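Containing mmCIF, C-alpha atoms: structure-v7.cif.
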data_run
loop_
_atom_site.group_PDB
_atom_site.id
_atom_site.type_symbol
_atom_site.label_atom_id
_atom_site.label_comp_id
_atom_site.auth_asym_id
_atom_site.auth_seq_id
_atom_site.Cartn_x
_atom_site.Cartn_y
_atom_site.Cartn_z
ATOM 1 C CA MET J 108 121.381 132.014 109.646
ATOM 2 C CA SER J 109 121.399 128.613 111.345
ATOM 3 C CA VAL J 110 123.604 125.753 110.217
ATOM 4 C CA LEU J 111 120.476 123.813 109.234
ATOM 5 C CA PHE J 112 119.228 126.689 107.083
ATOM 6 C CA ALA J 113 122.621 127.073 105.376
ATOM 7 C CA ILE J 114 122.886 123.349 104.609
ATOM 8 C CA SER J 115 119.256 123.290 103.444
ATOM 9 C CA LEU J 116 119.902 126.209 101.106
ATOM 10 C CA THR J 117 123.024 124.731 99.511
ATOM 11 C CA THR J 118 121.375 121.308 99.340
ATOM 12 C CA GLY J 119 118.418 122.771 97.468
ATOM 13 C CA ILE J 120 120.634 124.600 94.994
ATOM 14 C CA LEU J 121 122.925 121.627 94.410
ATOM 15 C CA SER J 122 119.969 119.218 94.145
ATOM 16 C CA ALA J 123 118.653 121.252 91.230
ATOM 17 C CA LEU J 124 122.132 121.249 89.705
ATOM 18 C CA TRP J 125 122.404 117.470 90.248
ATOM 19 C CA GLY J 126 119.142 116.956 88.354
ATOM 20 C CA TRP J 127 120.567 118.805 85.361
ATOM 21 C CA VAL J 128 124.017 117.157 85.590
ATOM 22 C CA SER J 129 122.573 113.662 85.880
ATOM 23 C CA LEU J 130 120.386 114.104 82.824
ATOM 24 C CA SER J 131 123.214 115.735 80.877
ATOM 25 C CA LEU J 132 125.564 112.835 81.653
ATOM 26 C CA GLY J 133 122.925 110.136 81.184
ATOM 27 C CA LEU J 134 123.110 109.066 84.832
ATOM 28 C CA ILE J 135 120.290 107.796 87.037
ATOM 29 C CA THR J 136 119.065 110.803 89.007
ATOM 30 C CA TRP J 137 117.424 108.839 91.830
ATOM 31 C CA ALA J 138 120.526 106.625 92.230
ATOM 32 C CA GLY J 139 122.615 109.767 92.639
ATOM 33 C CA PHE J 140 120.272 110.915 95.370
ATOM 34 C CA LEU J 141 120.875 107.559 97.068
ATOM 35 C CA GLY J 142 124.616 108.261 96.935
ATOM 36 C CA CYS J 143 123.917 111.698 98.391
ATOM 37 C CA THR J 144 121.759 110.164 101.112
ATOM 38 C CA THR J 145 124.507 107.684 101.932
ATOM 39 C CA TYR J 146 126.872 110.576 102.624
ATOM 40 C CA PHE J 147 124.376 112.550 104.705
ATOM 41 C CA ALA J 148 123.566 109.501 106.835
ATOM 42 C CA SER J 149 127.190 108.396 107.234
ATOM 43 C CA PRO J 150 128.477 108.088 110.796
ATOM 44 C CA LYS J 151 131.627 109.944 109.700
ATOM 45 C CA GLU J 152 131.981 113.544 108.541
ATOM 46 C CA GLY J 153 133.967 115.072 105.683
ATOM 47 C CA LEU J 154 136.213 113.083 103.382
ATOM 48 C CA PRO J 155 136.289 110.020 105.686
ATOM 49 C CA GLY J 156 132.474 109.927 105.505
ATOM 50 C CA LEU J 157 132.547 110.347 101.733
ATOM 51 C CA SER J 158 135.099 107.522 101.386
ATOM 52 C CA LEU J 159 133.135 105.218 103.687
ATOM 53 C CA GLY J 160 129.913 105.914 101.795
ATOM 54 C CA ILE J 161 131.494 105.288 98.410
ATOM 55 C CA LEU J 162 133.241 102.083 99.472
ATOM 56 C CA THR J 163 130.135 100.624 101.063
ATOM 57 C CA ASN J 164 127.911 101.664 98.130
ATOM 58 C CA LEU J 165 130.319 99.941 95.734
ATOM 59 C CA SER J 166 130.400 96.815 97.867
ATOM 60 C CA GLY J 167 126.597 96.821 97.799
ATOM 61 C CA VAL J 168 126.641 96.930 93.999
ATOM 62 C CA PHE J 169 129.029 93.956 94.031
ATOM 63 C CA TRP J 170 126.859 91.950 96.429
ATOM 64 C CA ALA J 171 123.691 92.702 94.468
ATOM 65 C CA MET J 172 125.346 91.405 91.322
ATOM 66 C CA MET J 173 126.347 88.247 93.205
ATOM 67 C CA ILE J 174 122.696 87.697 94.112
ATOM 68 C CA ILE J 175 121.489 88.468 90.585
ATOM 69 C CA LYS J 176 124.073 86.278 88.866
ATOM 70 C CA GLY J 177 123.975 83.517 91.494
ATOM 71 C CA SER J 178 120.199 83.298 91.399
ATOM 72 C CA GLY J 179 120.345 83.088 87.613
ATOM 73 C CA LEU J 180 122.531 79.986 87.842
ATOM 74 C CA VAL J 181 119.970 77.938 89.749
ATOM 75 C CA ASN J 182 116.646 76.681 88.474
ATOM 76 C CA LEU J 183 115.036 76.327 91.870
ATOM 77 C CA GLU J 184 113.471 79.531 93.200
ATOM 78 C CA ILE J 185 114.124 78.592 96.825
ATOM 79 C CA LEU J 186 117.872 78.439 96.115
ATOM 80 C CA GLY J 187 117.736 82.029 94.925
ATOM 81 C CA TYR J 188 116.388 82.988 98.337
ATOM 82 C CA VAL J 189 119.135 81.014 100.037
ATOM 83 C CA ILE J 190 121.720 82.871 97.937
ATOM 84 C CA ALA J 191 120.106 86.174 98.925
ATOM 85 C CA GLY J 192 120.299 85.157 102.584
ATOM 86 C CA VAL J 193 123.943 84.121 102.416
ATOM 87 C CA VAL J 194 124.918 87.277 100.542
ATOM 88 C CA SER J 195 122.952 89.459 102.985
ATOM 89 C CA PHE J 196 124.945 87.844 105.781
ATOM 90 C CA MET J 197 128.145 88.736 103.911
ATOM 91 C CA MET J 198 126.929 92.304 103.426
ATOM 92 C CA CYS J 199 126.619 92.663 107.196
ATOM 93 C CA ILE J 200 129.657 90.697 108.353
ATOM 94 C CA GLN J 201 131.960 92.718 106.104
ATOM 95 C CA ALA J 202 131.389 95.548 108.599
ATOM 96 C CA LYS J 203 134.127 93.928 110.677
ATOM 97 C CA SER J 204 136.450 95.710 108.241
ATOM 98 C CA LYS J 205 137.024 99.355 109.160
ATOM 99 C CA LEU J 206 136.739 100.306 105.475
ATOM 100 C CA LEU J 207 133.294 98.714 105.144
ATOM 101 C CA ASN J 208 131.741 99.205 108.576
ATOM 102 C CA TYR J 209 128.707 101.172 107.402
ATOM 103 C CA ILE J 210 126.053 98.540 106.706
ATOM 104 C CA PRO J 211 123.325 100.962 105.466
ATOM 105 C CA GLY J 212 125.708 102.207 102.751
ATOM 106 C CA THR J 213 126.143 98.627 101.549
ATOM 107 C CA PHE J 214 122.400 98.021 101.421
ATOM 108 C CA ILE J 215 121.798 101.340 99.636
ATOM 109 C CA GLY J 216 124.258 100.353 96.889
ATOM 110 C CA SER J 217 122.648 96.932 96.647
ATOM 111 C CA CYS J 218 119.109 98.300 96.469
ATOM 112 C CA ALA J 219 120.107 100.799 93.787
ATOM 113 C CA THR J 220 121.492 97.933 91.718
ATOM 114 C CA PHE J 221 118.324 95.870 92.100
ATOM 115 C CA ALA J 222 116.146 98.877 91.258
ATOM 116 C CA ALA J 223 118.197 99.477 88.094
ATOM 117 C CA ASN J 224 117.735 95.836 87.035
ATOM 118 C CA GLY J 225 121.405 95.035 87.558
ATOM 119 C CA ASP J 226 122.727 97.844 85.341
ATOM 120 C CA TRP J 227 125.813 98.280 87.532
ATOM 121 C CA GLN J 228 127.674 100.177 84.789
ATOM 122 C CA LEU J 229 125.152 102.996 85.187
ATOM 123 C CA VAL J 230 124.519 102.627 88.915
ATOM 124 C CA ILE J 231 128.179 103.031 89.902
ATOM 125 C CA PRO J 232 128.835 106.445 88.323
ATOM 126 C CA SER J 233 125.397 107.643 89.472
ATOM 127 C CA LEU J 234 126.163 106.674 93.078
ATOM 128 C CA LEU J 235 129.682 108.128 92.910
ATOM 129 C CA VAL J 236 128.700 111.510 91.514
ATOM 130 C CA GLY J 237 125.696 111.595 93.828
ATOM 131 C CA ALA J 238 127.921 110.950 96.853
ATOM 132 C CA LEU J 239 130.202 113.775 95.746
ATOM 133 C CA PHE J 240 127.191 116.076 95.465
ATOM 134 C CA GLY J 241 126.122 115.040 98.980
ATOM 135 C CA TYR J 242 129.557 115.956 100.275
ATOM 136 C CA LEU J 243 129.437 119.298 98.454
ATOM 137 C CA MET J 244 125.929 120.040 99.734
ATOM 138 C CA LYS J 245 126.948 119.724 103.354
ATOM 139 C CA ALA J 246 130.435 121.214 103.004
ATOM 140 C CA SER J 247 129.146 124.264 101.150
ATOM 141 C CA GLY J 248 126.397 124.757 103.724
ATOM 142 C CA LEU J 249 128.918 124.622 106.554
ATOM 143 C CA TRP J 250 131.175 127.028 104.651
ATOM 144 C CA LEU J 251 128.282 129.433 104.047
ATOM 145 C CA HIS J 252 127.289 129.347 107.710
ATOM 146 C CA ALA J 253 130.871 129.989 108.822
ATOM 147 C CA LYS J 254 131.238 132.927 106.403
ATOM 148 C CA LEU J 255 127.978 134.549 107.457
ATOM 149 C CA THR J 256 128.587 134.168 111.189
ATOM 150 C CA ALA J 257 132.297 135.073 111.269
ATOM 151 C CA ASN J 258 133.100 138.050 113.511
ATOM 152 C CA LYS J 259 129.500 138.326 114.714
ATOM 153 C CA PRO J 260 128.996 138.396 118.468
ATOM 154 C CA THR J 261 127.230 135.425 119.962
ATOM 155 C CA GLN J 262 123.784 136.007 121.407
ATOM 156 C CA ALA J 263 125.224 136.009 124.945
ATOM 157 C CA GLU J 264 127.927 138.533 123.979
ATOM 158 C CA GLY J 265 125.346 140.741 122.289
ATOM 159 C CA ASN J 266 123.469 141.079 125.608
ATOM 160 C CA LEU J 267 126.522 142.157 127.634
ATOM 161 C CA PRO J 268 127.312 145.790 128.370
ATOM 162 C CA ALA J 269 130.175 147.136 126.220
ATOM 163 C CA ALA J 270 132.589 147.153 129.177
ATOM 164 C CA HIS J 271 132.237 143.369 129.568
ATOM 165 C CA LYS J 272 132.772 142.395 125.926
ATOM 166 C CA ALA J 273 136.158 140.967 124.972
#

As structure tokens, how would this structure be written, given the file I've shared?
Amino acid sequence: MSVLFAISLTTGILSALWGWVSLSLGLITWAGFLGCTTYFASPKEGLPGLSLGILTNLSGVFWAMMIIKGSGLVNLEILGYVIAGVVSFMMCIQAKSKLLNYIPGTFIGSCATFAANGDWQLVIPSLLVGALFGYLMKASGLWLHAKLTANKPTQAEGNLPAAHKA
């Protein structure tokens, strides 16, 4: 079984489970999949990747609320666009910080907040649990692959005469 197949299998199983969990907890299913996607696309693996994804998603929720609230304070539509531009700059420049240097994660959190009409109280737990599911999808796939391939000869070893095998 290839690593890709193992991760695909566990991702499929846990995606079905996520659908049930999200509905059971009253979370936004698609927002959870965005949290999952953030983890899978993260430039870091494992818990550092999970942490980076979560932190940047949360910062994106914050920045989206700044745009929503800031735009609501002005009566001139053009000023709302200016606010969006300034905040988008902030969303990118924050990547100078090692804790927030994953710009796509920030924009994913922001977009989820806009898509949920600013319901950050529901977006945040959906993103968080979704990110955890993303971590579990990949980690369980890697675990499954390791378990199924442990103590099996590699393809090159399998082609060697018995006298040459270690």

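Distance annotation: of J:Trp125, J:Tyr209, J:Tyr188, J:Trp250, the residue with the minimal separation from Pro155 in chain J is J:Tyr209; atom set is only C-alpha atoms.
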
Carefully work through the PyMOL selection byres ((chain J and resi 240) around 9) for this structure and note down the residues it includes, as an NGL selection string.
:J and (118 or 121-122 or 125 or 139-140 or 142-143 or 235-239 or 241-245)

Go ahead and save the residues from that selection, with C-alpha atoms, as a PDB file, in the coordinates of the input.
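Everything below was put into selection32.pdb:
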ATOM      1  CA  THR J 118     121.375 121.308  99.340  1.00  0.00           C
ATOM      2  CA  LEU J 121     122.925 121.627  94.410  1.00  0.00           C
ATOM      3  CA  SER J 122     119.969 119.218  94.145  1.00  0.00           C
ATOM      4  CA  TRP J 125     122.404 117.470  90.248  1.00  0.00           C
ATOM      5  CA  GLY J 139     122.615 109.767  92.639  1.00  0.00           C
ATOM      6  CA  PHE J 140     120.272 110.915  95.370  1.00  0.00           C
ATOM      7  CA  GLY J 142     124.616 108.261  96.935  1.00  0.00           C
ATOM      8  CA  CYS J 143     123.917 111.698  98.391  1.00  0.00           C
ATOM      9  CA  LEU J 235     129.682 108.128  92.910  1.00  0.00           C
ATOM     10  CA  VAL J 236     128.700 111.510  91.514  1.00  0.00           C
ATOM     11  CA  GLY J 237     125.696 111.595  93.828  1.00  0.00           C
ATOM     12  CA  ALA J 238     127.921 110.950  96.853  1.00  0.00           C
ATOM     13  CA  LEU J 239     130.202 113.775  95.746  1.00  0.00           C
ATOM     14  CA  GLY J 241     126.122 115.040  98.980  1.00  0.00           C
ATOM     15  CA  TYR J 242     129.557 115.956 100.275  1.00  0.00           C
ATOM     16  CA  LEU J 243     129.437 119.298  98.454  1.00  0.00           C
ATOM     17  CA  MET J 244     125.929 120.040  99.734  1.00  0.00           C
ATOM     18  CA  LYS J 245     126.948 119.724 103.354  1.00  0.00           C
TER      19      LYS J 245
END

Mind dumping a table of every range 185-246 of chain J residue within 9 Å of range 164-170 of chain J, with the nearest atom pair and its distance in Å to one decimal, using all atoms listed in the file, sorted by chain and rising number, as a tab-separated table?
residue	atom	partner	partner_atom	distance
J:Val194	CA	J:Trp170	CA	6.5
J:Ser195	CA	J:Trp170	CA	8.0
J:Met197	CA	J:Trp170	CA	8.2
J:Met198	CA	J:Trp170	CA	7.0
J:Leu207	CA	J:Ser166	CA	8.1
J:Pro211	CA	J:Asn164	CA	8.7
J:Gly212	CA	J:Asn164	CA	5.1
J:Thr213	CA	J:Gly167	CA	4.2
J:Phe214	CA	J:Gly167	CA	5.7
J:Ile215	CA	J:Asn164	CA	6.3
J:Gly216	CA	J:Asn164	CA	4.1
J:Ser217	CA	J:Gly167	CA	4.1
J:Cys218	CA	J:Gly167	CA	7.7
J:Ala219	CA	J:Val168	CA	7.6
J:Thr220	CA	J:Val168	CA	5.7
J:Phe221	CA	J:Val168	CA	8.6
J:Gly225	CA	J:Val168	CA	8.5
J:Trp227	CA	J:Val168	CA	6.7
J:Val230	CA	J:Val168	CA	7.9
J:Ile231	CA	J:Leu165	CA	6.9
J:Leu234	CA	J:Asn164	CA	7.3
J:Leu235	CA	J:Asn164	CA	8.5

Where's the centre, and what are the edge lengths in Å to one decimal, of a box along x, y and z enclosing all listed atoms of range 184-200 of chain J padded 8 Å per side, as lines of an AutoDock Vina configuration file?
center_x = 121.6
center_y = 85.6
center_z = 100.8
size_x = 32.2
size_y = 30.2
size_z = 31.2

Hey, which of J:Val110, J:Leu206, J:Leu132, J:Ile174 ends up closest to Gly192 in chain J? Count all atoms listed in the file.
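Answer, going by the shortest atom-to-atom distance: J:Ile174.
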
Restricting to only C-alpha atoms, whichever of J:Lys151, J:Ile161, J:Lys259, J:Gly248 is closest to Gly119 in chain J is J:Gly248

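The spacing separating CA of Thr117 in chain J from CA of Ser131 in chain J amounts to 20.7 Å.
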
CA of Pro150 in chain J to CA of Ala113 in chain J: how many Å, to one decimal?
20.6 Å

Could you check how far CA of Thr163 in chain J sits from CA of Ala222 in chain J, in Å to one decimal?
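Answer for the CA of Thr163 in chain J to CA of Ala222 in chain J separation: 17.2 Å.
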
Choose the residue, out of J:Ser247, J:Gln228, J:Ser233, J:Ser204, that has the smallest atom-to-atom separation from Ile114 in chain J; count all atoms listed in the file.
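The closest residue to Ile114 in chain J is J:Ser247.
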
Leu111 in chain J surroundings by only C-alpha atoms, 9 Å radius, close-in-sequence under 5 positions cut, as an MDAnalysis selection string:
chainID J and resid 116 248:249 252

Exactly which residues make up the result of the PyMOL selection byres ((chain J and resi 177) around 10) on this file, given as a ChimeraX atom specification?
/J:171-176,178-181,186-187,190-191,194

For Tyr146 in chain J, which of J:Ala223, J:Leu134, J:Lys254, J:Leu162 is the closest residue, counting all atoms listed in the file?
J:Leu162
